[in-house]
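Okay, so here's the structure we're looking at.
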Amino acid sequence: MFAALNVASGEVYGLCQQKHRHQEWLRFLRMIDQTVPAGKEIYLICDNYSTHKHERVQRWLEKHKRFHVRFTPTSASWLNMVERFFRDITQNRIRRGVFQNLEQLIVAIGEYIHGHNQNPKPFIWTAKATDILEKVTRARAVLNK
């Protein structure tokens, strides 16, 4: 599953596919392009997965100037928000379900996303900036030893 999170609204865009190659990533980007209203800029925060950087993907992005892609390290906060949604869908729908085939699983995922998007809520940070900075300072101290 490829998923994108609108951080302002909490809405999720998802697309289940059999593989995770550049072809499927392009299909997902096209879906986003068709779904997000024209004239709106689209900022994608992606991990460093090679599919996101494929030559054909780069060519497509060059032709679609409203897409702005930034790559972030693993475990970056931006990605944690999407991973949190994956955790929720896994706990609240997939683990509780019984699926006779892949199609039933894909339908269940689509229904979950649709239900989520009926009343989306943006992710709200609960950590204070000072707490985050203290954690970074402690981590740097450990790394420098």
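Just so we're on the same page: first chain in the structure tokens is A, next is B, and so on; residues restart at 1 for each chain, and ligands are numbered from 1 in the order they show up.
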For segment 115-131 of chain A: contacts at 12 Å, only C-alpha atoms, fewer than 5 positions along chain excluded, given as a list in words
Leu5, Asn6, Val7, Ala8, Ser9, Gly10, Glu11, Val12, Tyr13, Gly14, Ser77, Trp78, Leu79, Asn80, Met81, Val82, Glu83, Arg84, Phe85, Asp88, Ile89, Asn92, Arg93, Ala108, Ile109, Gly110, Val136, Thr137 and Arg138 of chain A
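Shortest separation to Leu26 of chain A among A:Arg140, A:Phe2, A:Gly39, A:Asn48 occurs at residue A:Phe2, atoms counted being only C-alpha atoms.
For chain A, backbone-based DSSP assignment of strand (DSSP E) covers Phe2, Ala3, Ala4, Leu5, Val12, Tyr13, Gly14, Leu15, Ile42, Tyr43, Leu44, Ile45, Cys46, Phe67, His68, Val69, Arg70 and Phe71 of chain A.
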Just write the chosen residues, C-alpha atoms, as a compact mmCIF listing (two decimals), in the first residue's frame.
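Contents of result.txt, as written:
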```txt
# COMPACT_ATOMS: atom_id res chain seq x y z
CA PHE A 2 1.17 3.49 -0.85
CA ALA A 3 -0.34 6.17 1.37
CA ALA A 4 -0.21 9.93 1.61
CA LEU A 5 -1.37 12.00 4.55
CA VAL A 12 -5.43 9.87 3.88
CA TYR A 13 -4.98 8.88 0.25
CA GLY A 14 -4.15 5.24 -0.27
CA LEU A 15 -3.60 2.83 -3.10
CA ILE A 42 1.70 19.10 -3.33
CA TYR A 43 4.60 18.52 -0.97
CA LEU A 44 5.69 14.92 -0.65
CA ILE A 45 7.91 13.90 2.24
CA CYS A 46 9.29 10.49 1.25
CA PHE A 67 4.83 18.28 -6.85
CA HIS A 68 7.66 19.12 -4.48
CA VAL A 69 9.53 16.07 -3.15
CA ARG A 70 11.78 16.00 -0.12
CA PHE A 71 13.57 12.93 1.16
```
Would you return as a tab-separated table (two decimals) with N, CA, C and O atoms, in the first residue's frame the members of chain A that DSSP assigns to helix (DSSP H, G or I) on this structure's backbone?
```tsv
chain	number	residue	atom	x	y	z
A	22	HIS	N	8.66	1.30	-9.32
A	22	HIS	CA	8.44	2.68	-9.75
A	22	HIS	C	7.15	2.83	-10.54
A	22	HIS	O	6.49	3.87	-10.48
A	23	GLN	N	6.72	1.78	-11.25
A	23	GLN	CA	5.48	1.85	-12.01
A	23	GLN	C	4.28	2.07	-11.08
A	23	GLN	O	3.39	2.88	-11.37
A	24	GLU	N	4.27	1.37	-9.98
A	24	GLU	CA	3.17	1.51	-9.03
A	24	GLU	C	3.24	2.87	-8.31
A	24	GLU	O	2.21	3.49	-8.05
A	25	TRP	N	4.46	3.33	-8.03
A	25	TRP	CA	4.62	4.64	-7.42
A	25	TRP	C	4.09	5.73	-8.36
A	25	TRP	O	3.39	6.65	-7.92
A	26	LEU	N	4.38	5.60	-9.64
A	26	LEU	CA	3.86	6.56	-10.62
A	26	LEU	C	2.33	6.51	-10.68
A	26	LEU	O	1.67	7.55	-10.78
A	27	ARG	N	1.77	5.33	-10.59
A	27	ARG	CA	0.31	5.20	-10.57
A	27	ARG	C	-0.27	5.93	-9.35
A	27	ARG	O	-1.28	6.62	-9.44
A	28	PHE	N	0.40	5.79	-8.22
A	28	PHE	CA	-0.02	6.48	-7.00
A	28	PHE	C	0.10	8.00	-7.17
A	28	PHE	O	-0.83	8.74	-6.80
A	29	LEU	N	1.20	8.46	-7.74
A	29	LEU	CA	1.37	9.90	-7.96
A	29	LEU	C	0.29	10.44	-8.89
A	29	LEU	O	-0.25	11.54	-8.66
A	30	ARG	N	-0.07	9.68	-9.91
A	30	ARG	CA	-1.14	10.11	-10.83
A	30	ARG	C	-2.48	10.20	-10.09
A	30	ARG	O	-3.27	11.10	-10.34
A	31	MET	N	-2.72	9.24	-9.18
A	31	MET	CA	-3.95	9.28	-8.40
A	31	MET	C	-3.97	10.53	-7.53
A	31	MET	O	-4.99	11.23	-7.47
A	32	ILE	N	-2.87	10.85	-6.89
A	32	ILE	CA	-2.78	12.07	-6.08
A	32	ILE	C	-3.02	13.29	-6.95
A	32	ILE	O	-3.77	14.20	-6.59
A	33	ASP	N	-2.40	13.31	-8.13
A	33	ASP	CA	-2.54	14.44	-9.05
A	33	ASP	C	-4.00	14.65	-9.44
A	33	ASP	O	-4.47	15.78	-9.55
A	34	GLN	N	-4.75	13.56	-9.64
A	34	GLN	CA	-6.15	13.65	-10.02
A	34	GLN	C	-7.05	13.99	-8.84
A	34	GLN	O	-8.11	14.60	-9.01
A	35	THR	N	-6.64	13.61	-7.63
A	35	THR	CA	-7.47	13.78	-6.45
A	35	THR	C	-7.35	15.19	-5.85
A	35	THR	O	-8.35	15.77	-5.44
A	50	SER	N	14.31	3.47	-3.11
A	50	SER	CA	14.80	3.70	-4.48
A	50	SER	C	13.66	3.91	-5.48
A	50	SER	O	13.83	4.63	-6.47
A	51	THR	N	12.51	3.33	-5.23
A	51	THR	CA	11.35	3.51	-6.11
A	51	THR	C	11.00	4.99	-6.25
A	51	THR	O	10.62	5.44	-7.32
A	52	HIS	N	11.13	5.75	-5.18
A	52	HIS	CA	10.78	7.17	-5.19
A	52	HIS	C	11.74	7.99	-6.03
A	52	HIS	O	11.43	9.12	-6.41
A	53	LYS	N	12.94	7.43	-6.31
A	53	LYS	CA	13.98	8.20	-7.01
A	53	LYS	C	14.26	7.68	-8.42
A	53	LYS	O	15.18	8.15	-9.07
A	55	GLU	N	14.49	6.95	-12.34
A	55	GLU	CA	14.63	7.89	-13.45
A	55	GLU	C	13.28	8.28	-14.06
A	55	GLU	O	13.02	9.45	-14.34
A	56	ARG	N	12.38	7.32	-14.25
A	56	ARG	CA	11.07	7.63	-14.83
A	56	ARG	C	10.23	8.48	-13.88
A	56	ARG	O	9.46	9.34	-14.31
A	57	VAL	N	10.37	8.24	-12.60
A	57	VAL	CA	9.67	9.05	-11.61
A	57	VAL	C	10.19	10.49	-11.67
A	57	VAL	O	9.41	11.44	-11.66
A	58	GLN	N	11.51	10.63	-11.75
A	58	GLN	CA	12.10	11.97	-11.83
A	58	GLN	C	11.61	12.72	-13.07
A	58	GLN	O	11.30	13.92	-12.99
A	59	ARG	N	11.52	12.02	-14.19
A	59	ARG	CA	11.02	12.66	-15.42
A	59	ARG	C	9.56	13.09	-15.26
A	59	ARG	O	9.17	14.17	-15.69
A	60	TRP	N	8.75	12.24	-14.64
A	60	TRP	CA	7.34	12.58	-14.41
A	60	TRP	C	7.24	13.81	-13.51
A	60	TRP	O	6.45	14.72	-13.78
A	61	LEU	N	8.02	13.84	-12.45
A	61	LEU	CA	7.98	14.96	-11.52
A	61	LEU	C	8.42	16.26	-12.19
A	61	LEU	O	7.89	17.33	-11.89
A	62	GLU	N	9.37	16.17	-13.11
A	62	GLU	CA	9.81	17.37	-13.84
A	62	GLU	C	8.67	17.98	-14.65
A	62	GLU	O	8.62	19.19	-14.84
A	63	LYS	N	7.75	17.14	-15.11
A	63	LYS	CA	6.61	17.61	-15.90
A	63	LYS	C	5.44	18.06	-15.02
A	63	LYS	O	4.49	18.66	-15.52
A	77	SER	N	10.03	12.43	11.75
A	77	SER	CA	8.70	12.71	12.29
A	77	SER	C	7.63	12.72	11.22
A	77	SER	O	6.52	12.25	11.44
A	78	TRP	N	7.94	13.26	10.04
A	78	TRP	CA	6.94	13.31	8.98
A	78	TRP	C	6.47	11.90	8.63
A	78	TRP	O	5.29	11.66	8.43
A	79	LEU	N	7.42	10.98	8.55
A	79	LEU	CA	7.05	9.61	8.20
A	79	LEU	C	6.34	8.92	9.35
A	79	LEU	O	5.50	8.05	9.12
A	80	ASN	N	6.65	9.29	10.56
A	80	ASN	CA	6.00	8.67	11.71
A	80	ASN	C	4.49	8.89	11.69
A	80	ASN	O	3.72	8.06	12.14
A	81	MET	N	4.04	10.03	11.15
A	81	MET	CA	2.60	10.29	11.08
A	81	MET	C	1.91	9.28	10.17
A	81	MET	O	0.84	8.77	10.48
A	82	VAL	N	2.52	8.98	9.03
A	82	VAL	CA	1.95	7.99	8.11
A	82	VAL	C	2.05	6.59	8.74
A	82	VAL	O	1.11	5.80	8.67
A	83	GLU	N	3.19	6.30	9.37
A	83	GLU	CA	3.34	5.01	10.02
A	83	GLU	C	2.30	4.83	11.13
A	83	GLU	O	1.82	3.72	11.35
A	84	ARG	N	1.94	5.90	11.79
A	84	ARG	CA	0.90	5.83	12.82
A	84	ARG	C	-0.43	5.41	12.20
A	84	ARG	O	-1.18	4.61	12.76
A	85	PHE	N	-0.73	5.94	11.02
A	85	PHE	CA	-1.96	5.54	10.33
A	85	PHE	C	-1.89	4.06	9.97
A	85	PHE	O	-2.85	3.32	10.14
A	86	PHE	N	-0.72	3.60	9.47
A	86	PHE	CA	-0.56	2.18	9.15
A	86	PHE	C	-0.78	1.32	10.40
A	86	PHE	O	-1.40	0.26	10.33
A	87	ARG	N	-0.28	1.78	11.53
A	87	ARG	CA	-0.49	1.03	12.78
A	87	ARG	C	-1.97	0.96	13.10
A	87	ARG	O	-2.50	-0.10	13.44
A	88	ASP	N	-2.66	2.09	12.97
A	88	ASP	CA	-4.10	2.12	13.29
A	88	ASP	C	-4.90	1.19	12.38
A	88	ASP	O	-5.76	0.45	12.84
A	89	ILE	N	-4.62	1.24	11.08
A	89	ILE	CA	-5.38	0.39	10.16
A	89	ILE	C	-5.07	-1.09	10.43
A	89	ILE	O	-5.96	-1.94	10.34
A	90	THR	N	-3.84	-1.38	10.81
A	90	THR	CA	-3.48	-2.76	11.12
A	90	THR	C	-4.22	-3.24	12.36
A	90	THR	O	-4.84	-4.31	12.36
A	91	GLN	N	-4.19	-2.44	13.43
A	91	GLN	CA	-4.82	-2.84	14.68
A	91	GLN	C	-6.34	-2.84	14.61
A	91	GLN	O	-7.00	-3.73	15.14
A	92	ASN	N	-6.90	-1.83	13.96
A	92	ASN	CA	-8.35	-1.65	14.00
A	92	ASN	C	-9.12	-2.35	12.89
A	92	ASN	O	-10.33	-2.50	12.99
A	93	ARG	N	-8.42	-2.75	11.83
A	93	ARG	CA	-9.16	-3.38	10.73
A	93	ARG	C	-8.53	-4.69	10.26
A	93	ARG	O	-9.20	-5.70	10.16
A	94	ILE	N	-7.27	-4.68	9.97
A	94	ILE	CA	-6.66	-5.86	9.35
A	94	ILE	C	-6.57	-7.03	10.32
A	94	ILE	O	-6.98	-8.14	10.00
A	102	LEU	N	-7.07	-11.77	-1.48
A	102	LEU	CA	-6.45	-10.46	-1.52
A	102	LEU	C	-7.46	-9.35	-1.83
A	102	LEU	O	-7.41	-8.27	-1.25
A	103	GLU	N	-8.41	-9.64	-2.70
A	103	GLU	CA	-9.42	-8.64	-3.06
A	103	GLU	C	-10.21	-8.19	-1.83
A	103	GLU	O	-10.48	-7.00	-1.65
A	104	GLN	N	-10.58	-9.13	-0.96
A	104	GLN	CA	-11.32	-8.77	0.25
A	104	GLN	C	-10.48	-7.89	1.17
A	104	GLN	O	-10.99	-6.95	1.78
A	105	LEU	N	-9.18	-8.17	1.26
A	105	LEU	CA	-8.30	-7.35	2.07
A	105	LEU	C	-8.20	-5.94	1.50
A	105	LEU	O	-8.30	-4.95	2.24
A	106	ILE	N	-8.05	-5.82	0.20
A	106	ILE	CA	-7.95	-4.51	-0.44
A	106	ILE	C	-9.24	-3.71	-0.24
A	106	ILE	O	-9.21	-2.51	0.05
A	107	VAL	N	-10.38	-4.38	-0.36
A	107	VAL	CA	-11.67	-3.71	-0.14
A	107	VAL	C	-11.76	-3.23	1.31
A	107	VAL	O	-12.18	-2.09	1.58
A	108	ALA	N	-11.33	-4.06	2.25
A	108	ALA	CA	-11.38	-3.67	3.67
A	108	ALA	C	-10.50	-2.46	3.93
A	108	ALA	O	-10.89	-1.55	4.68
A	109	ILE	N	-9.32	-2.43	3.34
A	109	ILE	CA	-8.42	-1.29	3.50
A	109	ILE	C	-9.07	-0.03	2.91
A	109	ILE	O	-9.07	1.04	3.54
A	110	GLY	N	-9.64	-0.15	1.72
A	110	GLY	CA	-10.32	0.99	1.10
A	110	GLY	C	-11.47	1.50	1.94
A	110	GLY	O	-11.66	2.71	2.09
A	111	GLU	N	-12.25	0.59	2.50
A	111	GLU	CA	-13.38	0.99	3.35
A	111	GLU	C	-12.88	1.70	4.61
A	111	GLU	O	-13.48	2.67	5.07
A	112	TYR	N	-11.79	1.20	5.17
A	112	TYR	CA	-11.23	1.83	6.37
A	112	TYR	C	-10.77	3.25	6.07
A	112	TYR	O	-11.06	4.19	6.82
A	113	ILE	N	-10.07	3.42	4.96
A	113	ILE	CA	-9.60	4.75	4.57
A	113	ILE	C	-10.79	5.68	4.33
A	113	ILE	O	-10.81	6.82	4.78
A	114	HIS	N	-11.81	5.17	3.63
A	114	HIS	CA	-13.01	5.97	3.37
A	114	HIS	C	-13.67	6.40	4.69
A	114	HIS	O	-14.04	7.57	4.86
A	115	GLY	N	-13.80	5.46	5.61
A	115	GLY	CA	-14.39	5.78	6.91
A	115	GLY	C	-13.55	6.79	7.68
A	115	GLY	O	-14.08	7.73	8.28
A	116	HIS	N	-12.24	6.62	7.63
A	116	HIS	CA	-11.34	7.58	8.28
A	116	HIS	C	-11.53	8.97	7.70
A	116	HIS	O	-11.58	9.96	8.44
A	117	ASN	N	-11.65	9.05	6.39
A	117	ASN	CA	-11.74	10.34	5.71
A	117	ASN	C	-13.11	11.01	5.87
A	117	ASN	O	-13.27	12.18	5.52
A	118	GLN	N	-14.10	10.29	6.42
A	118	GLN	CA	-15.39	10.90	6.70
A	118	GLN	C	-15.27	11.93	7.83
A	118	GLN	O	-16.02	12.89	7.88
A	129	ALA	N	8.65	21.30	22.39
A	129	ALA	CA	9.91	21.51	21.66
A	129	ALA	C	11.10	21.33	22.58
A	129	ALA	O	12.12	20.74	22.19
A	130	THR	N	11.00	21.81	23.82
A	130	THR	CA	12.12	21.68	24.76
A	130	THR	C	12.42	20.22	25.06
A	130	THR	O	13.59	19.84	25.18
A	131	ASP	N	11.39	19.39	25.17
A	131	ASP	CA	11.59	17.96	25.42
A	131	ASP	C	12.30	17.30	24.24
A	131	ASP	O	13.19	16.46	24.42
A	132	ILE	N	11.89	17.68	23.03
A	132	ILE	CA	12.52	17.12	21.83
A	132	ILE	C	13.99	17.52	21.76
A	132	ILE	O	14.86	16.69	21.49
A	133	LEU	N	14.26	18.78	22.02
A	133	LEU	CA	15.65	19.26	21.97
A	133	LEU	C	16.51	18.61	23.04
A	133	LEU	O	17.69	18.28	22.79
A	134	GLU	N	15.96	18.38	24.22
A	134	GLU	CA	16.70	17.67	25.27
A	134	GLU	C	17.02	16.25	24.83
A	134	GLU	O	18.12	15.74	25.08
A	135	LYS	N	16.08	15.59	24.18
A	135	LYS	CA	16.31	14.23	23.68
A	135	LYS	C	17.42	14.22	22.63
A	135	LYS	O	18.27	13.34	22.63
A	136	VAL	N	17.41	15.21	21.75
A	136	VAL	CA	18.46	15.32	20.73
A	136	VAL	C	19.81	15.53	21.39
A	136	VAL	O	20.81	14.91	21.01
A	137	THR	N	19.87	16.36	22.40
A	137	THR	CA	21.12	16.62	23.12
A	137	THR	C	21.65	15.34	23.77
A	137	THR	O	22.84	15.04	23.68
A	138	ARG	N	20.76	14.59	24.41
A	138	ARG	CA	21.17	13.31	25.02
A	138	ARG	C	21.67	12.33	23.98
A	138	ARG	O	22.68	11.66	24.17
A	139	ALA	N	20.98	12.28	22.83
A	139	ALA	CA	21.38	11.35	21.76
A	139	ALA	C	22.74	11.72	21.22
A	139	ALA	O	23.59	10.85	20.97
A	140	ARG	N	22.98	13.01	21.02
A	140	ARG	CA	24.28	13.45	20.52
A	140	ARG	C	25.40	13.11	21.51
A	140	ARG	O	26.49	12.72	21.11
A	141	ALA	N	25.11	13.27	22.79
A	141	ALA	CA	26.11	12.94	23.81
A	141	ALA	C	26.49	11.47	23.74
A	141	ALA	O	27.67	11.11	23.84
A	142	VAL	N	25.51	10.61	23.56
A	142	VAL	CA	25.76	9.17	23.44
A	142	VAL	C	26.57	8.87	22.18
A	142	VAL	O	27.51	8.09	22.20
A	143	LEU	N	26.20	9.49	21.08
A	143	LEU	CA	26.91	9.27	19.81
A	143	LEU	C	28.35	9.76	19.86
A	143	LEU	O	29.23	9.17	19.22
A	144	ASN	N	28.60	10.81	20.60
A	144	ASN	CA	29.94	11.39	20.66
A	144	ASN	C	30.87	10.64	21.60
A	144	ASN	O	32.06	10.94	21.64
```
